[in-house]
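**Student:** Got a structure for you, written out below as C-alpha cells; questions coming shortly.
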Amino acid sequence: MPLLVMKFGGTSVADLDRIARAAEKVKREVERGHDVIVIVSAMAGRTNELVGWVNQTSPFYDAREYDAVVASGENVTAGLMALRLQEMDVPARSWQGWQVPILTTSAHGAARFIDIPRANIEAKFAEGMKVAVVAGFQGLSPEGRITTLGRGGSDTTAVAFAAAFGAERCDIYTDVDGIYTTDPRISAKARKLDRISFEEMLELASLGAKVLQTRSVELAMRYKVRLRVLSSFDETDENSGTLVCDEDEIMELKVVSGVAHSRDEAKITLVTVQDRPGIAAAIFGPLADAGVNVDMIVQNISEKDYGDQPGAVTDMTFSCPVDHVDRARRAIEGARAAGTIGYEDLVVDTDVAKVSVVGIGMRSHAGVAARMFQALAAENVNIKVIGTSEIKISVLIDRKYMELAVQTLHDAFELDRAG
Ligand code: ADP
Ligand code: ASP
Ligand code: MG
C-alpha cells in the first residue's frame with residue numbers, strides 16, 4: 001500500500017468540528033488507496049496553557065517534568081482523532097510516542113530522534129488498520145522518560161515518520177494555504193509560493209517563520225522527503241499548497257524570496273569587558289551551559305582610551321530569545337561572581353525583534369544589504385545589530401517597527417510580484 005503522512009497543526013484540531021473536518025481529509029486519502037499515518041498537534045492554545053502552568057509552578061523547572069506536562073496535549077487529540085475516524089468506519093487507532101516507540105535523546109524540551117522502529121505500526125497495518133494516529137511533538141528517552149522536541153515539533157515528527165516509513169509524501173495541513181513570501185498575517189501583499197527550496201525554507205524557519213519547525217526542514221532535506229504545506233480548511237488536491245523541494249526543481253529564482261521575522265528577541269550588552277584572549281569563551285561558555293540560545297554576536301574594539309591601555313576593553317553584545325534573558329543574566333552574573341569575567345555594566349533590552357531577508361540568489365548578487373538598509377533608513381528604522389550568512393541578512397530593530405520593516409522590505413524587493 002502506498003503510504004501518506006498527514007500532519008494537522010493546532011488550529012486544524014482546535015475543536016471537535018475541526019477534528020471531524022481533518023478526519024474527512026484523512027478518509028478521502030484512505031478511499032484513494034493509501035495507508036495513512038496522521039500526526040496531530042495539541043488543540044490550539046493548549047501547549048501554551050500547559051507551559052504556563054509549569055512556569056507558574058516552578059520557574060526554573062525540572063525539564064523532565066516540563067516534558068511530562070506539555071506532551072500531554074497531543075495525547076488528547078490523538079485519541080479524539082482515532083475515535084472520530086472509527087465513527088466514520090475507518091479502522092484507526094492512536095499511538096502515544098512511547099507506544100511506537102519514538103526513541104529520542106534525553107535533551108528534554110529539545111530532544112532529537114534516535115530511531116522510529118516500524119514494527120508495531122506495520123503489524124497493525126498488516127491486520128487491516130488503515131490509519132495510525134500518532135501524537136506529535138513527543139518521544140521516549142533512553143532513560144524511559146517522556147521527551148518533547150521543542151515548540152512546533154509536530155512538523156518534525158511528521159517528516160521523521162515520512163522518512164522512516166518511506167512515505168510517498170508528507171503533507172502538513174495548517175491554517176494558511178501554503179508558504180508565503182512573508183507571514184500573511186503581517187503583510188497583506190504576501191504572495192503564496194508554489195515551490196520553495198529546502199535551503200531557503202530552512203533559513204526562513206530558523207529566522208522565525210514558524211510555518212515549519214526548522215528541524216523538520218533539515219530532516220526533509222536530508223532524507224529527500226516530499227514535503228508540502230497546505231490548508232486544512234480549504235478543499236485541496238494534489239496540486240494544492242507549497243512544495244518544499246530541491247533548488248533545481250524551481251523555475252522562479254529571485255535574489256530575495258522571503259522575509260522572516262522573530263518578535264520576541266532580546267539584546268544583552270556587557271559594557272567594557274576586558275579585551276583578552278579567551279574572553280568570548282569565558283562569556284559564551286556559561287551561557288551555553290545554562291541553555292541560552294545565543295543568536296547574533298557583536299564584539300567591537302573600543303577605541304576609547306582607558307588609562308594607559310587604549311583599546312584594552314570592548315563591549316560584547318548578543319541576542320537571544322526574550323524568555324532566555326533570566327537564565328542569561330544568571331549565567332553572566334555567576335561568571336562575574338566566580339571571577340572569570342569582569343564588566344562595568346550589563347544592559348538588557350527586551351524590546352527588540354529580528355527581521356531577515358532570505359534568498360539563494362544572494363550568493364551571486366551584490367547589493368542586497370545596501371538595498372535593505374536604504375529601505376529601512378527611508379522609514380527611519382534604526383538598525384541595532386546586523387548579521388549575515390550566504391543566503392540571508394538579518395537586522396535587530398525596535399520591536400515596535402517590526403511590522404513596518406517586514407512590509408517595507410517586502411516592497412523593496414518586490415516580493416508581491418512573481419518572477
Ligand atoms: P500549526 O499550528 O498548523 O503548526 P503554526 O501556527 O505553527 O501552525 O504555523 C502557521 C503560521 O505560520 C501561519 O498562521 C502564519 O501566520 C505563520 N507564518 C509565518 N511565516 C509564514 C510564511 N512565510 N508563510 C506562511 N505562514 C507563515
Ligand atoms: N503542540 C506543540 C507546540 O505548540 C507542537 C506542535 O504543535 O507542533 O509547540
Ligand atoms: Mg506549527
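By convention in this document, the chains of the C-alpha cells carry letters A, B, ... by their order, each chain's residues are numbered from 1, and ligands are numbered from 1 in the order they are shown.
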Skipping near chain neighbours, those fewer than 2 positions away, what residues fall within 7 Å of Glu74 (chain A) using only C-alpha atoms, listed as an MDAnalysis selection string?
**Tutor:** chainID A and resid 40:42 71:72 76:78 135:136
**Student:** Got time to write the residues from that selection, all heavy atoms, as a PDB file, in the first residue's frame?
**Tutor:**
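The new file result16.pdb reads:
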ATOM      1  N   VAL A  40      -0.750  14.414  14.896  1.00  0.00           N
ATOM      2  CA  VAL A  40      -1.557  15.535  15.401  1.00  0.00           C
ATOM      3  C   VAL A  40      -0.803  16.370  16.423  1.00  0.00           C
ATOM      4  O   VAL A  40       0.001  15.866  17.206  1.00  0.00           O
ATOM      5  CB  VAL A  40      -2.886  15.062  16.048  1.00  0.00           C
ATOM      6  CG1 VAL A  40      -3.872  14.631  14.988  1.00  0.00           C
ATOM      7  CG2 VAL A  40      -2.641  13.973  17.073  1.00  0.00           C
ATOM      8  N   SER A  41      -1.114  17.679  16.390  1.00  0.00           N
ATOM      9  CA  SER A  41      -0.671  18.607  17.434  1.00  0.00           C
ATOM     10  C   SER A  41      -1.718  18.644  18.542  1.00  0.00           C
ATOM     11  O   SER A  41      -2.809  18.091  18.394  1.00  0.00           O
ATOM     12  CB  SER A  41      -0.570  20.026  16.868  1.00  0.00           C
ATOM     13  OG  SER A  41       0.535  20.151  16.024  1.00  0.00           O
ATOM     14  N   ALA A  42      -1.394  19.347  19.598  1.00  0.00           N
ATOM     15  CA  ALA A  42      -2.384  19.634  20.634  1.00  0.00           C
ATOM     16  C   ALA A  42      -3.386  20.657  20.090  1.00  0.00           C
ATOM     17  O   ALA A  42      -3.087  21.381  19.140  1.00  0.00           O
ATOM     18  CB  ALA A  42      -1.678  20.201  21.856  1.00  0.00           C
ATOM     19  N   ALA A  71       3.744  17.429  26.930  1.00  0.00           N
ATOM     20  CA  ALA A  71       3.483  16.407  25.900  1.00  0.00           C
ATOM     21  C   ALA A  71       2.031  15.945  25.923  1.00  0.00           C
ATOM     22  O   ALA A  71       1.546  15.340  24.966  1.00  0.00           O
ATOM     23  CB  ALA A  71       4.412  15.211  26.100  1.00  0.00           C
ATOM     24  N   SER A  72       1.331  16.242  27.019  1.00  0.00           N
ATOM     25  CA  SER A  72       0.005  15.638  27.201  1.00  0.00           C
ATOM     26  C   SER A  72      -1.038  16.178  26.231  1.00  0.00           C
ATOM     27  O   SER A  72      -2.012  15.495  25.919  1.00  0.00           O
ATOM     28  CB  SER A  72      -0.464  15.841  28.642  1.00  0.00           C
ATOM     29  OG  SER A  72      -0.690  17.222  28.882  1.00  0.00           O
ATOM     30  N   VAL A  76      -4.410  13.883  23.856  1.00  0.00           N
ATOM     31  CA  VAL A  76      -5.862  14.081  23.774  1.00  0.00           C
ATOM     32  C   VAL A  76      -6.311  14.079  22.310  1.00  0.00           C
ATOM     33  O   VAL A  76      -7.248  13.363  21.930  1.00  0.00           O
ATOM     34  CB  VAL A  76      -6.250  15.423  24.444  1.00  0.00           C
ATOM     35  CG1 VAL A  76      -7.731  15.709  24.259  1.00  0.00           C
ATOM     36  CG2 VAL A  76      -5.853  15.405  25.914  1.00  0.00           C
ATOM     37  N   THR A  77      -5.621  14.857  21.467  1.00  0.00           N
ATOM     38  CA  THR A  77      -6.061  14.949  20.068  1.00  0.00           C
ATOM     39  C   THR A  77      -5.838  13.632  19.324  1.00  0.00           C
ATOM     40  O   THR A  77      -6.625  13.292  18.435  1.00  0.00           O
ATOM     41  CB  THR A  77      -5.335  16.096  19.341  1.00  0.00           C
ATOM     42  OG1 THR A  77      -3.992  16.160  19.785  1.00  0.00           O
ATOM     43  CG2 THR A  77      -6.010  17.418  19.605  1.00  0.00           C
ATOM     44  N   ALA A  78      -4.795  12.888  19.694  1.00  0.00           N
ATOM     45  CA  ALA A  78      -4.565  11.600  19.009  1.00  0.00           C
ATOM     46  C   ALA A  78      -5.749  10.659  19.269  1.00  0.00           C
ATOM     47  O   ALA A  78      -6.296  10.057  18.343  1.00  0.00           O
ATOM     48  CB  ALA A  78      -3.256  10.978  19.473  1.00  0.00           C
ATOM     49  N   ALA A 135       0.634  10.839  18.221  1.00  0.00           N
ATOM     50  CA  ALA A 135       0.787  12.112  18.929  1.00  0.00           C
ATOM     51  C   ALA A 135       2.107  12.745  18.507  1.00  0.00           C
ATOM     52  O   ALA A 135       3.168  12.137  18.662  1.00  0.00           O
ATOM     53  CB  ALA A 135       0.779  11.867  20.435  1.00  0.00           C
ATOM     54  N   GLY A 136       2.056  13.954  17.964  1.00  0.00           N
ATOM     55  CA  GLY A 136       3.274  14.637  17.529  1.00  0.00           C
ATOM     56  C   GLY A 136       4.057  15.171  18.714  1.00  0.00           C
ATOM     57  O   GLY A 136       3.615  15.066  19.868  1.00  0.00           O
TER      58      GLY A 136
END
**Student:** Check which residues fall inside 9 Å of ligand 2 when counting only C-alpha atoms and all ligand atoms, and print them as a PyMOL selection string.
**Tutor:** chain A and resi 8-11+40-48+70-71+73-74+136-138+148-157+212-213
**Student:** Quick one: residues within 8 Å of region 351-367 of chain A, only C-alpha atoms counted, chain neighbours fewer than 4 positions away excluded, as an MDAnalysis selection string?
**Tutor:** chainID A and resid 199:200 203:204 207 253:267 371 390:400 402 405:406 409
**Student:** Would you return as a list in words the members of region 142-234 of chain A that DSSP assigns to strand (DSSP E or B) on this structure's backbone?
**Tutor:**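 Across region 142-234 of chain A, those assigned strand (DSSP E or B) are Ile146, Thr147, Thr148, Arg169, Cys170, Asp171, Ile172, Tyr173, Thr174, Tyr180, Lys192, Arg195, Ile196, Ser197, Leu227, Arg228, Val229, Leu230 and Ser231 of chain A.
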**Student:** Restricting it to C-alpha atoms, dump the selection as a compact mmCIF listing (two decimals), in the first residue's frame.
**Tutor:**
# COMPACT_ATOMS: atom_id res chain seq x y z
CA ILE A 146 8.78 11.36 28.10
CA THR A 147 10.56 13.94 25.92
CA THR A 148 9.43 16.77 23.65
CA ARG A 169 4.66 12.45 0.65
CA CYS A 170 4.45 14.37 3.90
CA ASP A 171 1.52 16.79 3.90
CA ILE A 172 1.49 19.48 6.59
CA TYR A 173 -2.06 20.79 6.99
CA THR A 174 -2.22 24.17 8.68
CA TYR A 180 4.20 32.76 1.53
CA LYS A 192 1.88 32.27 -1.95
CA ARG A 195 7.60 25.87 -4.56
CA ILE A 196 10.43 26.83 -2.27
CA SER A 197 13.87 25.29 -1.92
CA LEU A 227 7.21 17.98 1.93
CA ARG A 228 4.10 20.01 1.26
CA VAL A 229 2.29 22.71 3.26
CA LEU A 230 -1.43 23.20 2.61
CA SER A 231 -4.70 24.35 4.13
**Student:** Quick one: of A:Gln86, A:Ser240, A:Val159, A:Trp53, who's nearest to Glu24 (chain A), counting only C-alpha atoms?
**Tutor:**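 Among the listed residues, A:Gln86 lies closest to Glu24 (chain A).
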**Student:** Write out as a PyMOL selection string which residues come within 9 Å of Val38 (chain A) when counting only C-alpha atoms, dropping same-chain ones fewer than 6 positions away.
**Tutor:** chain A and resi 4-8+26+78+81+131-135+158
**Student:** Apply DSSP to the structure's backbone, then extract all residues of region 241-370 of chain A labelled alpha helix (DSSP H) and return them as a PyMOL selection string.
**Tutor:** chain A and resi 279-289+325-337+368-370
**Student:** Tell me which of A:Ile39, A:Ile114, A:Val325, A:Ala126 sits closest to Pro91 (chain A), counting only C-alpha atoms.
**Tutor:**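 Checking each candidate against Pro91 (chain A), we get A:Ala126 as the closest.
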**Student:** Show me, as a compact mmCIF listing (two decimals) with all heavy atoms, in the first residue's frame, the residues that have an atom within 8 Å of Ala220 (chain A) when counting only C-alpha atoms, minus same-chain residues fewer than 4 positions from it.
**Tutor:**
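The resulting file, selection-v8.txt, is reproduced below:
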# COMPACT_ATOMS: atom_id res chain seq x y z
N VAL A 159 7.73 14.64 9.48
CA VAL A 159 8.78 14.38 8.48
C VAL A 159 9.57 13.13 8.87
O VAL A 159 9.91 12.30 8.01
CB VAL A 159 9.72 15.60 8.33
CG1 VAL A 159 10.90 15.26 7.43
CG2 VAL A 159 8.95 16.79 7.77
N ALA A 160 9.84 12.96 10.15
CA ALA A 160 10.60 11.78 10.59
C ALA A 160 9.83 10.49 10.28
O ALA A 160 10.42 9.50 9.85
CB ALA A 160 10.89 11.87 12.09
N ALA A 163 10.06 9.82 6.58
CA ALA A 163 11.37 9.24 6.24
C ALA A 163 11.44 7.78 6.69
O ALA A 163 11.83 6.90 5.93
CB ALA A 163 12.49 10.07 6.87
N PHE A 198 14.59 23.77 -0.19
CA PHE A 198 14.89 23.36 1.19
C PHE A 198 15.78 24.41 1.87
O PHE A 198 15.53 24.78 3.02
CB PHE A 198 15.63 22.02 1.19
CG PHE A 198 14.76 20.84 0.90
CD1 PHE A 198 15.05 20.01 -0.18
CD2 PHE A 198 13.67 20.53 1.69
CE1 PHE A 198 14.26 18.89 -0.45
CE2 PHE A 198 12.87 19.43 1.43
CZ PHE A 198 13.17 18.61 0.34
N SER A 216 12.34 20.09 11.00
CA SER A 216 11.57 19.30 10.04
C SER A 216 12.10 19.52 8.63
O SER A 216 12.16 18.60 7.82
CB SER A 216 10.07 19.64 10.12
OG SER A 216 9.81 20.93 9.57
N LYS A 224 15.30 13.40 1.74
CA LYS A 224 14.59 13.59 0.48
C LYS A 224 13.09 13.29 0.60
O LYS A 224 12.50 12.56 -0.19
CB LYS A 224 15.21 12.71 -0.62
CG LYS A 224 16.69 12.96 -0.84
CD LYS A 224 17.00 13.21 -2.30
CE LYS A 224 18.37 13.79 -2.55
NZ LYS A 224 18.56 15.18 -2.09
N VAL A 225 12.49 13.84 1.64
CA VAL A 225 11.05 13.69 1.83
C VAL A 225 10.34 14.75 1.00
O VAL A 225 10.74 15.93 1.01
CB VAL A 225 10.68 13.88 3.32
CG1 VAL A 225 9.18 13.92 3.52
CG2 VAL A 225 11.31 12.76 4.15
N ARG A 226 9.30 14.36 0.26
CA ARG A 226 8.50 15.36 -0.46
C ARG A 226 7.58 16.02 0.56
O ARG A 226 6.66 15.40 1.08
CB ARG A 226 7.69 14.71 -1.58
CG ARG A 226 8.52 14.48 -2.82
CD ARG A 226 7.68 14.07 -4.01
NE ARG A 226 7.37 15.20 -4.89
CZ ARG A 226 8.24 15.85 -5.63
NH1 ARG A 226 9.51 15.56 -5.58
NH2 ARG A 226 7.86 16.84 -6.43
N LEU A 227 7.87 17.27 0.83
CA LEU A 227 7.21 17.98 1.93
C LEU A 227 6.31 19.06 1.37
O LEU A 227 6.73 19.87 0.53
CB LEU A 227 8.31 18.60 2.82
CG LEU A 227 7.90 19.44 4.01
CD1 LEU A 227 7.08 18.63 5.00
CD2 LEU A 227 9.14 20.00 4.71
